[in-house]
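Asks: Here you go, model.csv (CSV, C-alpha atoms):
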```csv
chain,number,residue,atom,x,y,z
A,14,PRO,CA,16.5,98.6,-27.1
A,15,GLN,CA,15.7,99.9,-23.6
A,16,ILE,CA,16.9,97.8,-20.7
A,17,GLN,CA,14.9,98.0,-17.4
A,18,VAL,CA,17.7,97.5,-14.9
A,19,GLY,CA,15.5,98.3,-11.9
A,20,ALA,CA,13.0,95.5,-12.7
A,21,THR,CA,15.9,93.1,-13.3
A,22,THR,CA,17.5,94.1,-10.0
A,23,GLU,CA,14.3,93.6,-8.1
A,24,ARG,CA,13.7,90.2,-9.7
A,25,LEU,CA,17.3,89.1,-8.7
A,26,GLU,CA,16.8,90.3,-5.2
A,27,ARG,CA,13.5,88.3,-4.9
A,28,SER,CA,15.1,85.2,-6.3
A,29,PHE,CA,18.1,85.4,-3.9
A,30,GLU,CA,16.0,86.2,-0.8
A,31,PRO,CA,15.6,82.5,0.2
A,32,ALA,CA,19.4,81.9,-0.2
A,33,ARG,CA,20.1,85.1,1.8
A,34,GLN,CA,17.9,84.1,4.6
A,35,ALA,CA,19.3,80.5,4.6
A,36,ALA,CA,22.9,81.8,4.6
A,37,GLN,CA,22.2,84.2,7.4
A,38,ASP,CA,20.5,81.6,9.5
A,39,ALA,CA,23.3,79.1,8.8
A,40,MET,CA,25.9,81.7,9.8
A,41,GLY,CA,24.1,82.1,13.1
A,42,ASP,CA,24.1,78.3,13.6
A,43,ILE,CA,27.8,78.0,12.9
A,44,PHE,CA,28.7,80.9,15.2
A,45,LEU,CA,26.6,79.4,18.1
A,46,ASN,CA,28.4,76.1,17.5
A,47,ILE,CA,31.8,77.7,17.7
A,48,VAL,CA,30.9,79.6,21.0
A,49,GLN,CA,29.5,76.4,22.5
A,50,SER,CA,32.6,74.4,21.6
A,51,ASN,CA,34.8,76.9,23.4
A,52,PHE,CA,33.5,75.5,26.7
A,53,GLY,CA,35.4,72.6,28.2
A,54,GLN,CA,39.0,71.8,28.5
A,55,PHE,CA,39.8,72.7,24.9
A,56,GLY,CA,38.2,75.3,22.7
A,57,MET,CA,37.6,75.3,19.0
A,58,ASP,CA,38.3,79.0,18.5
A,59,ARG,CA,39.2,80.9,21.7
A,60,PRO,CA,40.7,84.3,21.0
A,61,VAL,CA,43.3,83.8,23.8
A,62,GLN,CA,44.5,80.9,25.8
A,63,TRP,CA,42.7,80.6,29.1
A,64,ALA,CA,44.6,81.0,32.3
A,65,LEU,CA,44.9,78.1,34.6
A,66,LEU,CA,42.7,78.0,37.7
A,67,SER,CA,44.0,79.4,41.0
A,68,LYS,CA,45.6,76.8,43.2
A,69,GLY,CA,42.8,76.9,45.8
A,70,TYR,CA,40.0,76.6,43.2
A,71,ALA,CA,41.9,73.9,41.3
A,72,LYS,CA,42.1,71.9,44.5
A,73,GLN,CA,38.4,72.4,45.1
A,74,VAL,CA,37.3,71.2,41.7
A,75,GLY,CA,40.1,68.6,41.2
A,76,ARG,CA,41.7,70.0,38.0
A,77,GLU,CA,44.0,72.8,37.0
A,78,TYR,CA,42.3,74.0,33.8
A,79,ALA,CA,39.2,76.1,33.4
A,80,THR,CA,36.2,74.7,31.6
A,81,LEU,CA,33.5,77.3,32.4
A,82,HIS,CA,31.2,74.3,32.6
A,83,GLN,CA,30.8,73.8,36.3
A,84,THR,CA,26.9,73.6,36.3
A,85,GLY,CA,26.2,74.1,32.6
A,86,ALA,CA,24.2,77.3,33.3
A,87,LEU,CA,26.5,79.5,31.3
A,88,VAL,CA,26.5,77.6,28.1
A,89,SER,CA,22.8,76.9,28.4
A,90,ALA,CA,22.1,80.6,28.6
A,91,LEU,CA,23.5,81.2,25.1
A,92,ARG,CA,20.7,82.4,22.8
A,93,LEU,CA,20.5,82.3,19.0
A,94,GLU,CA,18.0,84.7,17.6
A,95,LYS,CA,17.0,84.7,13.9
A,96,ASN,CA,14.8,87.1,12.1
A,97,ARG,CA,14.4,88.5,8.6
A,98,ASP,CA,17.3,90.9,9.0
A,99,GLU,CA,19.8,89.2,11.3
A,100,ALA,CA,20.9,86.2,13.2
A,101,SER,CA,22.6,86.9,16.5
A,102,VAL,CA,24.2,84.9,19.4
A,103,SER,CA,24.1,86.4,22.8
A,104,ILE,CA,24.0,85.9,26.5
A,105,SER,CA,22.2,88.1,29.0
A,106,LYS,CA,23.8,89.4,32.2
A,107,ARG,CA,20.3,89.3,33.6
A,108,ASP,CA,20.1,85.5,33.1
A,109,ILE,CA,23.7,84.8,34.1
A,110,PRO,CA,25.2,87.6,36.2
A,111,TYR,CA,28.8,86.2,35.8
A,112,ALA,CA,28.6,85.9,32.0
A,113,LEU,CA,30.5,89.0,31.2
A,114,ILE,CA,33.2,88.6,33.9
A,115,HIS,CA,34.2,85.3,32.3
A,116,GLN,CA,34.3,86.8,28.8
A,117,PHE,CA,36.2,89.9,29.8
A,118,GLY,CA,37.7,89.3,33.3
A,119,GLY,CA,37.3,91.4,36.3
A,120,PHE,CA,36.7,91.3,40.1
A,121,ALA,CA,34.0,89.3,41.9
A,122,GLY,CA,33.1,88.4,45.4
A,123,LYS,CA,31.4,90.4,48.1
A,124,ASN,CA,34.2,92.9,48.4
A,125,LYS,CA,35.1,92.7,44.7
A,126,SER,CA,38.5,91.3,45.8
A,127,ALA,CA,38.7,88.1,43.8
A,128,ALA,CA,40.3,88.7,40.4
A,129,ILE,CA,38.9,86.5,37.7
A,130,PRO,CA,41.0,86.4,34.5
A,131,ALA,CA,39.3,86.7,31.1
A,132,ARG,CA,38.3,83.4,29.6
A,133,PRO,CA,36.5,84.5,26.5
A,134,TYR,CA,34.2,81.9,25.0
A,135,PHE,CA,32.9,84.2,22.2
A,136,PRO,CA,35.5,84.1,19.4
A,137,ILE,CA,36.0,87.9,19.6
A,138,ASP,CA,39.2,89.7,20.6
A,139,TYR,CA,39.5,92.6,23.0
A,140,ARG,CA,39.0,95.1,20.1
A,141,GLY,CA,35.7,93.5,19.2
A,142,GLN,CA,37.0,91.7,16.1
A,143,ILE,CA,35.6,88.3,15.2
A,144,SER,CA,38.3,85.7,14.8
A,145,ASP,CA,39.6,84.8,11.4
A,146,TYR,CA,38.4,81.2,11.9
A,147,ALA,CA,34.8,82.2,12.8
A,148,THR,CA,34.7,84.7,9.9
A,149,GLU,CA,35.9,82.1,7.4
A,150,GLN,CA,33.4,79.5,8.7
A,151,CYS,CA,30.5,82.0,8.3
A,152,LEU,CA,31.7,83.1,4.8
A,153,ASP,CA,32.1,79.5,3.7
A,154,ILE,CA,28.5,78.6,4.6
A,155,CYS,CA,27.4,81.8,2.9
A,156,ARG,CA,29.2,80.9,-0.3
A,157,ARG,CA,27.7,77.4,-0.2
A,158,GLN,CA,24.1,78.7,0.2
A,159,PHE,CA,24.4,81.3,-2.6
A,160,GLY,CA,26.3,78.8,-4.8
A,161,ALA,CA,23.4,76.3,-4.4
A,162,GLU,CA,21.0,79.1,-5.4
A,163,LEU,CA,23.0,80.0,-8.5
A,164,ARG,CA,23.0,76.3,-9.6
A,165,ARG,CA,19.2,76.2,-9.6
```
Please render this file's structure as structure tokens.

Replies:
Amino acid sequence: PQIQVGATTERLERSFEPARQAAQDAMGDIFLNIVQSNFGQFGMDRPVQWALLSKGYAKQVGREYATLHQTGALVSALRLEKNRDEASVSISKRDIPYALIHQFGGFAGKNKSAAIPARPYFPIDYRGQISDYATEQCLDICRRQFGAELRR
């Protein structure tokens, strides 16, 4: 007997497309949730412990710890985009000029004299690696989506 592997492969791909799309979208949702949860006093999955506020700024805001949630603009500017090929979480420097300086640290102010320590809210380390926790959360939802499809 002759086996038509190509036709079988195409049929499998078509049958798994809804699960692939659902898994991809769910991974985007979970990643956005992790990033959003890194704002505030405690983070769900920060790649490094955040530095305490400078003494002067701590006195001004009435606390010693960073939240990155002074006005809510930074967390509100996070964007989740989903399409057929990917789901991505991002923030635009055009929307929030200080978004990158909080993620990576740097100098701010008129004379670029104020050093701001990195307080990364994306669960990504300095080498660009996604944290083990975020990776496992994304893989877990992916397994569940495809498992549900296999049980049909």

Asks: So the first atom is CA of Gln116 (chain A) and the second is CA of Arg97 (chain A); what is the distance between them in Å, to one decimal place?

Replies: 28.4 Å

Asks: What would the list of residues within 12 Å of (18.8, 79.7, -10.4) (file frame) look like as a list in words, if all atoms listed in the file are what count?

Replies: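 Residues with an atom at most 12 Å from (18.8, 79.7, -10.4): Arg24, Leu25, Glu26, Arg27, Ser28, Phe29, Glu30, Pro31, Ala32, Gln158, Phe159, Gly160, Ala161, Glu162, Leu163, Arg164 and Arg165 of chain A.
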
Asks: Could you pull out every residue with an atom within 9 Å of (28.7, 78.6, 23.2), file coordinates, counting all atoms listed in the file, and send them as an NGL selection string?

Replies: :A and (44-52 or 87-92 or 102 or 134-135)

Asks: Those same residues, written as an mmCIF file, in the coordinates of the input with C-alpha atoms?

Replies:
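Written out: again_22.cif:
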```cif
data_model
loop_
_atom_site.group_PDB
_atom_site.id
_atom_site.type_symbol
_atom_site.label_atom_id
_atom_site.label_comp_id
_atom_site.auth_asym_id
_atom_site.auth_seq_id
_atom_site.Cartn_x
_atom_site.Cartn_y
_atom_site.Cartn_z
ATOM 1 C CA PHE A 44 28.700 80.900 15.200
ATOM 2 C CA LEU A 45 26.600 79.400 18.100
ATOM 3 C CA ASN A 46 28.400 76.100 17.500
ATOM 4 C CA ILE A 47 31.800 77.700 17.700
ATOM 5 C CA VAL A 48 30.900 79.600 21.000
ATOM 6 C CA GLN A 49 29.500 76.400 22.500
ATOM 7 C CA SER A 50 32.600 74.400 21.600
ATOM 8 C CA ASN A 51 34.800 76.900 23.400
ATOM 9 C CA PHE A 52 33.500 75.500 26.700
ATOM 10 C CA LEU A 87 26.500 79.500 31.300
ATOM 11 C CA VAL A 88 26.500 77.600 28.100
ATOM 12 C CA SER A 89 22.800 76.900 28.400
ATOM 13 C CA ALA A 90 22.100 80.600 28.600
ATOM 14 C CA LEU A 91 23.500 81.200 25.100
ATOM 15 C CA ARG A 92 20.700 82.400 22.800
ATOM 16 C CA VAL A 102 24.200 84.900 19.400
ATOM 17 C CA TYR A 134 34.200 81.900 25.000
ATOM 18 C CA PHE A 135 32.900 84.200 22.200
#
```

Asks: Give the answer as one residue: which of A:Leu152, A:Ala128, A:Leu66, A:Val61 has the shortest atom-to-atom distance to Ala36 (chain A), using all atoms listed in the file?

Replies: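 Answer, going by the shortest atom-to-atom distance: A:Leu152.
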
Asks: So which one's closest to Ser105 (chain A), A:Ala86, A:Lys123, A:Gln37, A:Cys151? Using only C-alpha atoms, please.

Replies: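 Closest to Ser105 (chain A), using only C-alpha atoms: A:Ala86.
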
Asks: What lies within 8 Å of Ser101 (chain A) using all atoms listed in the file, ignoring chain neighbours under 3 positions off, as a CSV table (one decimal) with C-alpha atoms, in the frame of the given file?

Replies:
```csv
chain,number,residue,atom,x,y,z
A,41,GLY,CA,24.1,82.1,13.1
A,92,ARG,CA,20.7,82.4,22.8
A,93,LEU,CA,20.5,82.3,19.0
A,94,GLU,CA,18.0,84.7,17.6
A,95,LYS,CA,17.0,84.7,13.9
```

Asks: Quick one, how far is CA of Phe120 (chain A) from CA of Leu65 (chain A)?

Replies: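 Interatomic distance here is 16.5 Å.
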
Asks: Extract, using all atoms listed in the file, all DNA, RNA and protein residues at most 12 Å from Asp138 (chain A), discarding same-chain residues fewer than 5 positions from it, and format them as a PyMOL selection string.

Replies: chain A and resi 58-62+116-117+131-133+143-145+147

Asks: Point out the residue among A:Gly119, A:Asp42, A:Ala112, A:Tyr78 with the least atom-to-atom distance to Gln150 (chain A), counting only C-alpha atoms.

Replies: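 Ranked by minimum distance to Gln150 (chain A), first place goes to A:Asp42.
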
Asks: Under the rule that all atoms listed in the file are counted, which of A:Arg140, A:His115, A:Lys106, A:Arg157 is the nearest residue to Leu81 (chain A)?

Replies: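 Among A:Arg140, A:His115, A:Lys106, A:Arg157, it is A:His115 that comes nearest to Leu81 (chain A).
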
Asks: Please report the interatomic distance between CA of Gly69 (chain A) and CA of Lys125 (chain A) in Å with one decimal.

Replies: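 Computing the Euclidean distance for CA of Gly69 (chain A) and CA of Lys125 (chain A) yields 17.6 Å.
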